[in-house]
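See below for structure-v5.cif, which holds mmCIF, C-alpha atoms.
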```
data_input
#
loop_
_atom_site.label_atom_id
_atom_site.label_comp_id
_atom_site.auth_asym_id
_atom_site.auth_seq_id
_atom_site.Cartn_x
_atom_site.Cartn_y
_atom_site.Cartn_z
CA MET A 1 14.78 7.39 15.85
CA SER A 2 15.20 7.00 12.10
CA ARG A 3 13.40 9.39 9.78
CA THR A 4 11.36 6.45 8.48
CA ALA A 5 10.20 5.56 11.98
CA ALA A 6 9.19 9.16 12.64
CA GLU A 7 7.19 9.29 9.41
CA ILE A 8 5.46 6.00 10.19
CA ALA A 9 4.20 7.47 13.47
CA THR A 10 2.43 10.37 11.72
CA GLN A 11 0.05 8.20 9.70
CA PRO A 12 -3.08 8.50 11.86
CA ALA A 13 -3.06 12.29 11.49
CA CYS A 14 -2.31 12.02 7.76
CA TRP A 15 -5.27 9.69 7.22
CA ARG A 16 -7.66 12.06 8.96
CA ARG A 17 -6.48 14.93 6.80
CA ALA A 18 -6.81 12.75 3.70
CA ALA A 19 -10.44 11.96 4.54
CA GLN A 20 -11.18 15.67 4.84
CA ALA A 21 -9.42 16.44 1.56
CA ALA A 22 -11.27 13.71 -0.33
CA ALA A 23 -14.62 15.18 0.69
CA SER A 24 -13.99 18.31 -1.37
CA PHE A 25 -11.96 16.90 -4.26
CA GLU A 26 -13.89 16.72 -7.54
CA GLY A 27 -11.68 14.51 -9.68
CA LEU A 28 -12.31 11.11 -8.08
CA PRO A 29 -14.04 8.29 -10.00
CA GLN A 30 -17.83 8.47 -10.05
CA PRO A 31 -20.17 5.54 -9.39
CA GLY A 32 -20.60 3.40 -12.48
CA GLU A 33 -17.42 4.51 -14.21
CA ARG A 34 -15.03 1.88 -15.55
CA VAL A 35 -11.74 2.80 -13.91
CA ALA A 36 -8.10 1.77 -14.06
CA VAL A 37 -5.67 2.57 -11.25
CA THR A 38 -1.93 2.60 -11.81
CA GLY A 39 1.44 3.24 -10.21
CA CYS A 40 4.87 1.72 -9.73
CA GLY A 41 6.19 -0.27 -6.79
CA THR A 42 4.40 0.64 -3.58
CA SER A 43 1.98 2.87 -5.50
CA TRP A 44 0.97 -0.11 -7.64
CA PHE A 45 0.18 -2.12 -4.52
CA MET A 46 -2.00 0.73 -3.21
CA ALA A 47 -3.70 0.74 -6.62
CA ILE A 48 -4.43 -2.97 -6.25
CA ALA A 49 -6.00 -2.39 -2.84
CA TYR A 50 -8.15 0.51 -4.00
CA ALA A 51 -9.30 -1.25 -7.15
CA ALA A 52 -10.48 -4.24 -5.13
CA LEU A 53 -12.22 -1.99 -2.59
CA ARG A 54 -14.05 0.04 -5.23
CA GLU A 55 -15.25 -2.93 -7.23
CA ALA A 56 -16.33 -4.85 -4.13
CA ALA A 57 -18.32 -1.79 -3.07
CA GLY A 58 -20.31 -2.06 -6.30
CA LEU A 59 -19.14 1.29 -7.63
CA GLY A 60 -17.91 0.03 -10.98
CA GLU A 61 -15.43 -2.25 -12.69
CA THR A 62 -11.96 -1.30 -11.48
CA ASP A 63 -8.62 -2.68 -12.65
CA ALA A 64 -5.10 -2.09 -11.35
CA PHE A 65 -1.90 -2.20 -13.38
CA ALA A 66 1.76 -1.42 -12.99
CA SER A 67 2.23 1.65 -15.18
CA SER A 68 4.77 -0.16 -17.36
CA GLU A 69 2.20 -2.90 -18.07
CA PHE A 70 -0.87 -0.77 -18.72
CA PRO A 71 -2.94 -2.34 -21.54
CA ALA A 72 -3.11 0.30 -24.25
CA GLY A 73 -6.04 -1.34 -26.03
CA ARG A 74 -8.51 -1.23 -23.14
CA SER A 75 -11.17 1.43 -22.75
CA TYR A 76 -11.75 3.22 -19.45
CA ASP A 77 -13.87 6.14 -18.27
CA ARG A 78 -11.11 7.38 -15.98
CA VAL A 79 -7.54 6.49 -15.01
CA VAL A 80 -6.13 7.15 -11.53
CA ALA A 81 -2.35 7.34 -11.11
CA ILE A 82 -0.45 7.32 -7.82
CA THR A 83 3.04 8.82 -7.80
CA ARG A 84 4.67 10.19 -4.66
CA SER A 85 7.48 11.96 -6.48
CA GLY A 86 5.52 13.12 -9.51
CA THR A 87 8.55 12.25 -11.62
CA THR A 88 8.34 8.48 -12.17
CA THR A 89 9.03 7.86 -15.84
CA GLU A 90 6.52 5.09 -16.51
CA VAL A 91 3.68 6.99 -14.83
CA LEU A 92 4.38 10.21 -16.73
CA GLU A 93 4.67 8.42 -20.08
CA LEU A 94 1.32 6.74 -19.50
CA LEU A 95 -0.44 9.94 -18.47
CA TYR A 96 0.88 11.82 -21.51
CA ALA A 97 -0.19 8.95 -23.78
CA LEU A 98 -3.73 9.14 -22.35
CA LYS A 99 -4.03 12.91 -22.47
CA GLY A 100 -7.04 14.02 -24.49
CA LYS A 101 -8.31 10.45 -24.72
CA VAL A 102 -9.26 9.48 -21.17
CA PRO A 103 -9.81 11.71 -18.10
CA THR A 104 -6.92 11.19 -15.67
CA VAL A 105 -6.35 12.06 -12.05
CA ALA A 106 -3.06 11.79 -10.18
CA LEU A 107 -2.23 11.64 -6.50
CA THR A 108 1.18 13.10 -5.65
CA ALA A 109 3.18 14.57 -2.79
CA ASP A 110 5.05 17.19 -4.81
CA PRO A 111 3.21 19.96 -6.69
CA LYS A 112 6.40 21.18 -8.38
CA THR A 113 6.79 18.20 -10.69
CA PRO A 114 5.75 17.22 -14.24
CA VAL A 115 2.73 15.23 -13.07
CA MET A 116 0.89 18.52 -12.54
CA ASP A 117 0.78 18.99 -16.31
CA ALA A 118 0.55 15.34 -17.26
CA ALA A 119 -2.76 14.63 -15.45
CA ASP A 120 -6.10 16.36 -15.97
CA ALA A 121 -6.70 16.64 -12.21
CA VAL A 122 -4.20 16.33 -9.37
CA ALA A 123 -4.71 15.73 -5.67
CA VAL A 124 -1.66 17.09 -3.88
CA LEU A 125 -1.08 15.28 -0.59
CA ASP A 126 2.05 17.26 0.27
CA TRP A 127 1.50 16.99 4.02
CA ALA A 128 2.20 13.26 3.63
CA ASP A 129 5.44 13.67 1.67
CA GLU A 130 8.51 11.89 3.00
CA GLU A 131 12.23 12.40 3.25
CA SER A 132 12.75 8.64 3.36
CA VAL A 133 13.41 6.62 0.24
CA VAL A 134 11.09 3.87 1.45
CA GLN A 135 7.42 4.86 1.20
CA THR A 136 5.25 4.50 4.27
CA ARG A 137 2.95 7.39 5.10
CA PHE A 138 2.41 8.72 1.58
CA ALA A 139 1.30 5.31 0.34
CA THR A 140 -1.23 4.74 3.10
CA THR A 141 -2.40 8.36 2.98
CA ALA A 142 -3.07 8.03 -0.75
CA LEU A 143 -5.07 4.88 -0.07
CA ALA A 144 -6.92 6.61 2.79
CA PHE A 145 -7.80 9.46 0.41
CA LEU A 146 -9.16 7.09 -2.24
CA ARG A 147 -10.89 4.94 0.36
CA ALA A 148 -12.64 7.96 1.87
CA GLY A 149 -13.82 8.91 -1.62
CA LEU A 150 -15.80 5.68 -1.82
CA GLY A 151 -18.22 6.90 0.84
CA ASP A 152 -19.91 4.49 3.22
CA VAL A 153 -19.01 0.91 2.30
CA PRO A 154 -20.70 -1.95 4.21
CA GLY A 155 -18.18 -3.88 6.29
CA LEU A 156 -15.48 -1.23 5.92
CA LYS A 157 -14.64 1.21 8.68
CA PRO A 158 -14.67 4.93 7.91
CA VAL A 159 -11.13 6.26 7.54
CA GLU A 160 -11.49 8.21 10.79
CA LYS A 161 -12.07 4.96 12.71
CA ALA A 162 -9.21 3.25 10.90
CA ALA A 163 -7.04 6.11 12.16
CA LEU A 164 -7.97 5.19 15.74
CA ASP A 165 -6.68 1.67 15.12
CA ALA A 166 -3.58 3.19 13.55
CA GLU A 167 -2.82 5.11 16.72
CA LEU A 168 -2.68 1.83 18.62
CA ALA A 169 -0.55 0.21 15.91
CA VAL A 170 1.99 3.01 16.21
CA ASP A 171 2.46 2.48 19.95
CA GLU A 172 1.80 -1.18 20.70
CA PRO A 173 4.88 -3.37 21.31
CA LEU A 174 5.59 -5.79 18.47
CA PRO A 175 5.44 -9.49 19.39
CA GLU A 176 8.95 -10.82 20.06
CA ALA A 177 8.40 -13.69 17.63
CA LEU A 178 8.18 -11.23 14.75
CA ALA A 179 11.67 -9.82 15.05
CA ALA A 180 13.18 -13.20 15.87
CA ALA A 181 11.82 -14.98 12.78
CA GLU A 182 13.94 -15.92 9.77
CA GLN A 183 11.19 -15.63 7.14
CA TRP A 184 7.83 -13.86 6.76
CA THR A 185 4.87 -14.66 4.47
CA PHE A 186 2.10 -12.06 4.15
CA LEU A 187 -1.42 -12.99 3.06
CA GLY A 188 -4.56 -11.06 2.19
CA ARG A 189 -7.96 -11.43 0.54
CA GLY A 190 -9.65 -8.91 -1.72
CA TRP A 191 -8.28 -5.45 -1.05
CA THR A 192 -5.93 -6.66 1.69
CA TYR A 193 -3.89 -8.64 -0.84
CA GLY A 194 -2.46 -5.30 -1.95
CA LEU A 195 -1.49 -4.63 1.67
CA ALA A 196 0.19 -8.03 1.89
CA LEU A 197 2.25 -7.25 -1.21
CA GLU A 198 3.23 -3.91 0.30
CA ALA A 199 4.20 -5.40 3.67
CA ALA A 200 6.50 -7.89 1.98
CA LEU A 201 8.06 -5.13 -0.11
CA LYS A 202 8.69 -2.94 2.95
CA MET A 203 10.53 -5.78 4.65
CA ARG A 204 12.67 -6.40 1.58
CA GLU A 205 13.39 -2.73 0.95
CA ALA A 206 14.25 -1.63 4.48
CA ALA A 207 15.80 -4.79 5.90
CA GLY A 208 16.64 -7.08 2.98
CA ALA A 209 14.38 -9.67 4.59
CA TRP A 210 13.20 -12.96 3.10
CA THR A 211 9.53 -12.25 2.52
CA GLU A 212 6.74 -13.48 0.27
CA ALA A 213 3.12 -12.45 -0.32
CA TYR A 214 0.12 -14.30 -1.71
CA PRO A 215 -3.68 -14.24 -1.85
CA ALA A 216 -4.73 -16.01 1.33
CA MET A 217 -6.60 -18.83 -0.38
CA GLU A 218 -3.58 -19.54 -2.60
CA TYR A 219 -1.42 -20.19 0.45
CA ARG A 220 -2.39 -23.86 0.55
CA HIS A 221 -1.48 -24.28 -3.13
CA GLY A 222 2.27 -24.38 -2.63
CA PRO A 223 3.39 -21.46 -0.43
CA ILE A 224 2.58 -23.36 2.77
CA SER A 225 5.64 -25.48 1.98
CA ILE A 226 7.85 -22.63 3.23
CA THR A 227 6.13 -22.50 6.63
CA ALA A 228 8.04 -23.97 9.58
CA PRO A 229 9.07 -23.19 13.15
CA GLY A 230 10.80 -19.81 13.30
CA ARG A 231 8.84 -18.51 10.29
CA VAL A 232 5.87 -16.16 10.33
CA THR A 233 2.61 -16.20 8.37
CA TRP A 234 0.91 -12.82 8.73
CA ILE A 235 -2.68 -12.46 7.55
CA PHE A 236 -4.25 -9.05 6.89
CA GLY A 237 -7.93 -9.19 7.81
CA ALA A 238 -9.88 -12.21 8.95
CA PRO A 239 -8.23 -15.56 8.09
CA PRO A 240 -10.17 -17.88 5.78
CA GLU A 241 -11.71 -20.82 7.61
CA GLY A 242 -9.13 -23.44 8.56
CA LEU A 243 -6.10 -21.41 7.47
CA ALA A 244 -4.93 -20.56 10.98
CA ALA A 245 -4.88 -24.25 11.86
CA ASP A 246 -2.94 -25.00 8.69
CA VAL A 247 -0.22 -22.54 9.72
CA THR A 248 0.13 -23.65 13.30
CA GLY A 249 -0.20 -27.30 12.32
CA VAL A 250 3.13 -27.17 10.48
CA GLY A 251 4.86 -25.17 13.22
CA GLY A 252 4.52 -21.67 11.79
CA THR A 253 3.86 -18.53 13.83
CA LEU A 254 0.48 -17.02 12.94
CA ILE A 255 -0.03 -13.25 13.12
CA THR A 256 -3.50 -11.72 12.83
CA SER A 257 -5.14 -8.59 14.17
CA PRO A 258 -8.72 -7.40 14.75
CA ALA A 259 -7.60 -3.89 13.78
CA ASP A 260 -8.31 -2.29 10.43
CA PRO A 261 -5.93 -3.93 7.92
CA MET A 262 -4.38 -0.56 7.00
CA ALA A 263 -3.49 -0.09 10.66
CA ASP A 264 -2.05 -3.59 10.73
CA LEU A 265 0.21 -2.59 7.83
CA ILE A 266 1.75 0.00 10.14
CA ARG A 267 2.95 -2.84 12.35
CA ALA A 268 4.68 -4.42 9.36
CA GLN A 269 6.31 -1.08 8.54
CA ARG A 270 7.59 -0.81 12.11
CA LEU A 271 8.91 -4.35 11.95
CA ALA A 272 10.86 -3.53 8.79
CA VAL A 273 12.54 -0.61 10.55
CA THR A 274 13.24 -2.69 13.65
CA LEU A 275 14.87 -5.46 11.61
CA ALA A 276 16.95 -3.02 9.59
CA GLU A 277 18.28 -1.31 12.69
CA SER A 278 19.00 -4.60 14.47
CA GLN A 279 21.17 -5.61 11.50
CA GLY A 280 23.06 -2.32 11.44
CA GLN A 281 21.30 -1.11 8.29
CA ASP A 282 19.95 2.39 7.76
CA PRO A 283 16.22 2.16 6.94
CA ASP A 284 16.32 5.73 5.61
CA ARG A 285 18.88 4.77 2.95
CA PRO A 286 18.18 1.22 1.75
CA ARG A 287 20.53 -0.54 -0.61
CA ASN A 288 20.18 -0.04 -4.35
CA LEU A 289 17.14 2.25 -4.09
CA THR A 290 16.38 5.87 -4.94
CA ARG A 291 13.37 7.98 -4.05
CA SER A 292 12.11 8.03 -7.63
CA VAL A 293 12.90 5.90 -10.67
CA ILE A 294 13.65 8.19 -13.60
CA LEU A 295 14.69 6.34 -16.74
CA GLY A 296 17.26 7.87 -19.05
#
```

Could the structure of this file be written out as structure tokens, please?
Amino acid sequence: MSRTAAEIATQPACWRRAAQAAASFEGLPQPGERVAVTGCGTSWFMAIAYAALREAAGLGETDAFASSEFPAGRSYDRVVAITRSGTTTEVLELLYALKGKVPTVALTADPKTPVMDAADAVAVLDWADEESVVQTRFATTALAFLRAGLGDVPGLKPVEKAALDAELAVDEPLPEALAAAEQWTFLGRGWTYGLALEAALKMREAAGAWTEAYPAMEYRHGPISITAPGRVTWIFGAPPEGLAADVTGVGGTLITSPADPMADLIRAQRLAVTLAESQGQDPDRPRNLTRSVILG
């Protein structure tokens, strides 16, 4: 078993611990605050998911930005940064630029890094740190932590129940059609769009796969042209009305799940590892990637 596969399997336990940690952490956004969430790569996609969840829950206007594209002229009550390594250049530069101007909180896996000084408050999720270059469990654990901090949200499972779905996602066999496909398109609505972006990235990072990701309702506006027999359209959450028929009507393979969308993301992570290994690639050491991007 690759190190990545082993780390993927630990996510249910990590999520439960994250929910417990969030209950006693005092730096999370408060109801009514105008908040921005930021990160790079996978962390940015988790920021997108959290921002959509928080705003949909009615807890306050919430934006998400890649750290390199953060709008300096906007005013926020709090900024949340996600950085597994605690060393990512763009995240650190942003936090230092905001210091003394806007309260900041960072989520990291490593307490021995510059982010500890750069942010006003830091949630250290070191039990979810990874040896792998490709992020899996830290990303979802960070999202579980932030999600738990929202409290009870109508229509959204508590993190503890999402972890039950995750246990099944770790063990269930993947449909044969998934590994046999030549192309994968991931779709989501609201907060699950961030998960769709992350699923596509995992497949590209670990396996060099041909993947795309879109908001589900945008799929009909062009992306459906890529759908064909031997290609997969994977929807996180409930499909919009008529979309399933659109996929199957042009010969595509439709993948959906009644499980919590975060648990469904685990299946995409597992698929990325499976594809990488079937092609003789090492998912623990993907091409052209390092664990942290530190600019000179």

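Going from CA of Ala5 in chain A to CA of Tyr214 in chain A covers 26.1 Å.
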
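What the PyMOL selection byres ((chain A and resi 113) around 12) matches in the given file is Thr83, Arg84, Ser85, Gly86, Thr87, Thr88, Thr89, Leu92, Ala106, Leu107, Thr108, Ala109, Asp110, Pro111, Lys112, Pro114, Val115, Met116, Asp117, Ala118, Ala119, Val122, Val124, Asp126 and Ser292 of chain A.
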
Quick one: which residues end up in the PyMOL selection byres ((chain A and resi 101) around 12) for this structure, as a PDB file with C-alpha atoms, in the frame of the given file?
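The result, stored in selection_26.pdb:
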```pdb
ATOM      1  CA  ALA A  72      -3.110   0.300 -24.250  1.00  0.00           C
ATOM      2  CA  ARG A  74      -8.510  -1.230 -23.140  1.00  0.00           C
ATOM      3  CA  SER A  75     -11.170   1.430 -22.750  1.00  0.00           C
ATOM      4  CA  TYR A  76     -11.750   3.220 -19.450  1.00  0.00           C
ATOM      5  CA  ASP A  77     -13.870   6.140 -18.270  1.00  0.00           C
ATOM      6  CA  ARG A  78     -11.110   7.380 -15.980  1.00  0.00           C
ATOM      7  CA  VAL A  79      -7.540   6.490 -15.010  1.00  0.00           C
ATOM      8  CA  LEU A  94       1.320   6.740 -19.500  1.00  0.00           C
ATOM      9  CA  LEU A  95      -0.440   9.940 -18.470  1.00  0.00           C
ATOM     10  CA  TYR A  96       0.880  11.820 -21.510  1.00  0.00           C
ATOM     11  CA  ALA A  97      -0.190   8.950 -23.780  1.00  0.00           C
ATOM     12  CA  LEU A  98      -3.730   9.140 -22.350  1.00  0.00           C
ATOM     13  CA  LYS A  99      -4.030  12.910 -22.470  1.00  0.00           C
ATOM     14  CA  GLY A 100      -7.040  14.020 -24.490  1.00  0.00           C
ATOM     15  CA  VAL A 102      -9.260   9.480 -21.170  1.00  0.00           C
ATOM     16  CA  PRO A 103      -9.810  11.710 -18.100  1.00  0.00           C
ATOM     17  CA  THR A 104      -6.920  11.190 -15.670  1.00  0.00           C
ATOM     18  CA  ALA A 119      -2.760  14.630 -15.450  1.00  0.00           C
ATOM     19  CA  ASP A 120      -6.100  16.360 -15.970  1.00  0.00           C
TER      20      ASP A 120
END
```

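The space separating CA of Thr253 in chain A from CA of Ile224 in chain A comes to 12.1 Å.
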
| In Å to one decimal, how far is CA of Met203 in chain A from CA of Ile48 in chain A? | 18.7 Å

Kindly add all heavy atoms to the incomplete range 214-225 of chain A and provide the output as a compact mmCIF listing (two decimals), keeping the file's coordinate frame.
```txt
# COMPACT_ATOMS: atom_id res chain seq x y z
N TYR A 214 1.04 -13.54 -0.87
CA TYR A 214 0.12 -14.30 -1.71
C TYR A 214 -1.32 -13.97 -1.34
O TYR A 214 -1.61 -13.55 -0.22
CB TYR A 214 0.32 -15.81 -1.50
CG TYR A 214 1.70 -16.30 -1.79
CD1 TYR A 214 2.63 -16.44 -0.76
CD2 TYR A 214 2.09 -16.62 -3.08
CE1 TYR A 214 3.92 -16.88 -1.01
CE2 TYR A 214 3.38 -17.06 -3.35
CZ TYR A 214 4.28 -17.18 -2.31
OH TYR A 214 5.57 -17.61 -2.57
N PRO A 215 -2.28 -14.21 -2.25
CA PRO A 215 -3.68 -14.24 -1.85
C PRO A 215 -3.86 -15.35 -0.81
O PRO A 215 -3.29 -16.44 -0.96
CB PRO A 215 -4.43 -14.55 -3.14
CG PRO A 215 -3.49 -14.15 -4.24
CD PRO A 215 -2.13 -14.43 -3.71
N ALA A 216 -4.65 -15.07 0.21
CA ALA A 216 -4.73 -16.01 1.33
C ALA A 216 -5.16 -17.41 0.92
O ALA A 216 -4.61 -18.41 1.41
CB ALA A 216 -5.69 -15.46 2.38
N MET A 217 -6.12 -17.52 0.00
CA MET A 217 -6.60 -18.83 -0.38
C MET A 217 -5.61 -19.59 -1.26
O MET A 217 -5.72 -20.80 -1.44
CB MET A 217 -7.95 -18.72 -1.09
CG MET A 217 -9.08 -18.25 -0.18
SD MET A 217 -9.40 -19.38 1.19
CE MET A 217 -10.19 -20.72 0.31
N GLU A 218 -4.62 -18.89 -1.81
CA GLU A 218 -3.58 -19.54 -2.60
C GLU A 218 -2.47 -20.12 -1.73
O GLU A 218 -1.62 -20.87 -2.21
CB GLU A 218 -2.97 -18.55 -3.60
CG GLU A 218 -3.87 -18.22 -4.78
CD GLU A 218 -4.12 -19.46 -5.63
OE1 GLU A 218 -3.14 -20.11 -6.05
OE2 GLU A 218 -5.30 -19.77 -5.87
N TYR A 219 -2.49 -19.77 -0.46
CA TYR A 219 -1.42 -20.19 0.45
C TYR A 219 -1.29 -21.71 0.51
O TYR A 219 -0.18 -22.25 0.58
CB TYR A 219 -1.72 -19.63 1.83
CG TYR A 219 -0.78 -20.05 2.93
CD1 TYR A 219 0.52 -19.57 2.99
CD2 TYR A 219 -1.21 -20.92 3.93
CE1 TYR A 219 1.37 -19.93 4.02
CE2 TYR A 219 -0.37 -21.29 4.96
CZ TYR A 219 0.91 -20.80 5.01
OH TYR A 219 1.75 -21.16 6.03
N ARG A 220 -2.42 -22.40 0.47
CA ARG A 220 -2.39 -23.86 0.55
C ARG A 220 -1.86 -24.50 -0.74
O ARG A 220 -1.47 -25.65 -0.75
CB ARG A 220 -3.79 -24.40 0.81
CG ARG A 220 -4.42 -23.96 2.13
CD ARG A 220 -5.82 -24.55 2.25
NE ARG A 220 -6.47 -24.26 3.50
CZ ARG A 220 -7.30 -23.23 3.70
NH1 ARG A 220 -7.54 -22.40 2.70
NH2 ARG A 220 -7.88 -23.05 4.87
N HIS A 221 -1.85 -23.74 -1.82
CA HIS A 221 -1.48 -24.28 -3.13
C HIS A 221 0.01 -24.09 -3.41
O HIS A 221 0.41 -23.61 -4.47
CB HIS A 221 -2.32 -23.63 -4.23
CG HIS A 221 -3.77 -23.89 -4.10
ND1 HIS A 221 -4.40 -25.01 -4.63
CD2 HIS A 221 -4.75 -23.19 -3.47
CE1 HIS A 221 -5.68 -24.97 -4.35
NE2 HIS A 221 -5.92 -23.89 -3.64
N GLY A 222 0.83 -24.46 -2.43
CA GLY A 222 2.27 -24.38 -2.63
C GLY A 222 3.01 -23.56 -1.59
O GLY A 222 3.97 -24.05 -0.98
N PRO A 223 2.62 -22.29 -1.36
CA PRO A 223 3.39 -21.46 -0.43
C PRO A 223 3.49 -22.00 0.99
O PRO A 223 4.45 -21.70 1.69
CB PRO A 223 2.63 -20.13 -0.46
CG PRO A 223 2.02 -20.07 -1.82
CD PRO A 223 1.62 -21.49 -2.10
N ILE A 224 2.52 -22.81 1.41
CA ILE A 224 2.58 -23.36 2.77
C ILE A 224 3.83 -24.21 2.97
O ILE A 224 4.27 -24.45 4.09
CB ILE A 224 1.31 -24.16 3.09
CG1 ILE A 224 1.23 -24.47 4.60
CG2 ILE A 224 1.22 -25.43 2.24
CD1 ILE A 224 -0.08 -25.09 5.02
N SER A 225 4.45 -24.65 1.87
CA SER A 225 5.64 -25.48 1.98
C SER A 225 6.81 -24.74 2.64
O SER A 225 7.72 -25.37 3.18
CB SER A 225 6.08 -25.98 0.59
OG SER A 225 6.44 -24.89 -0.24
```
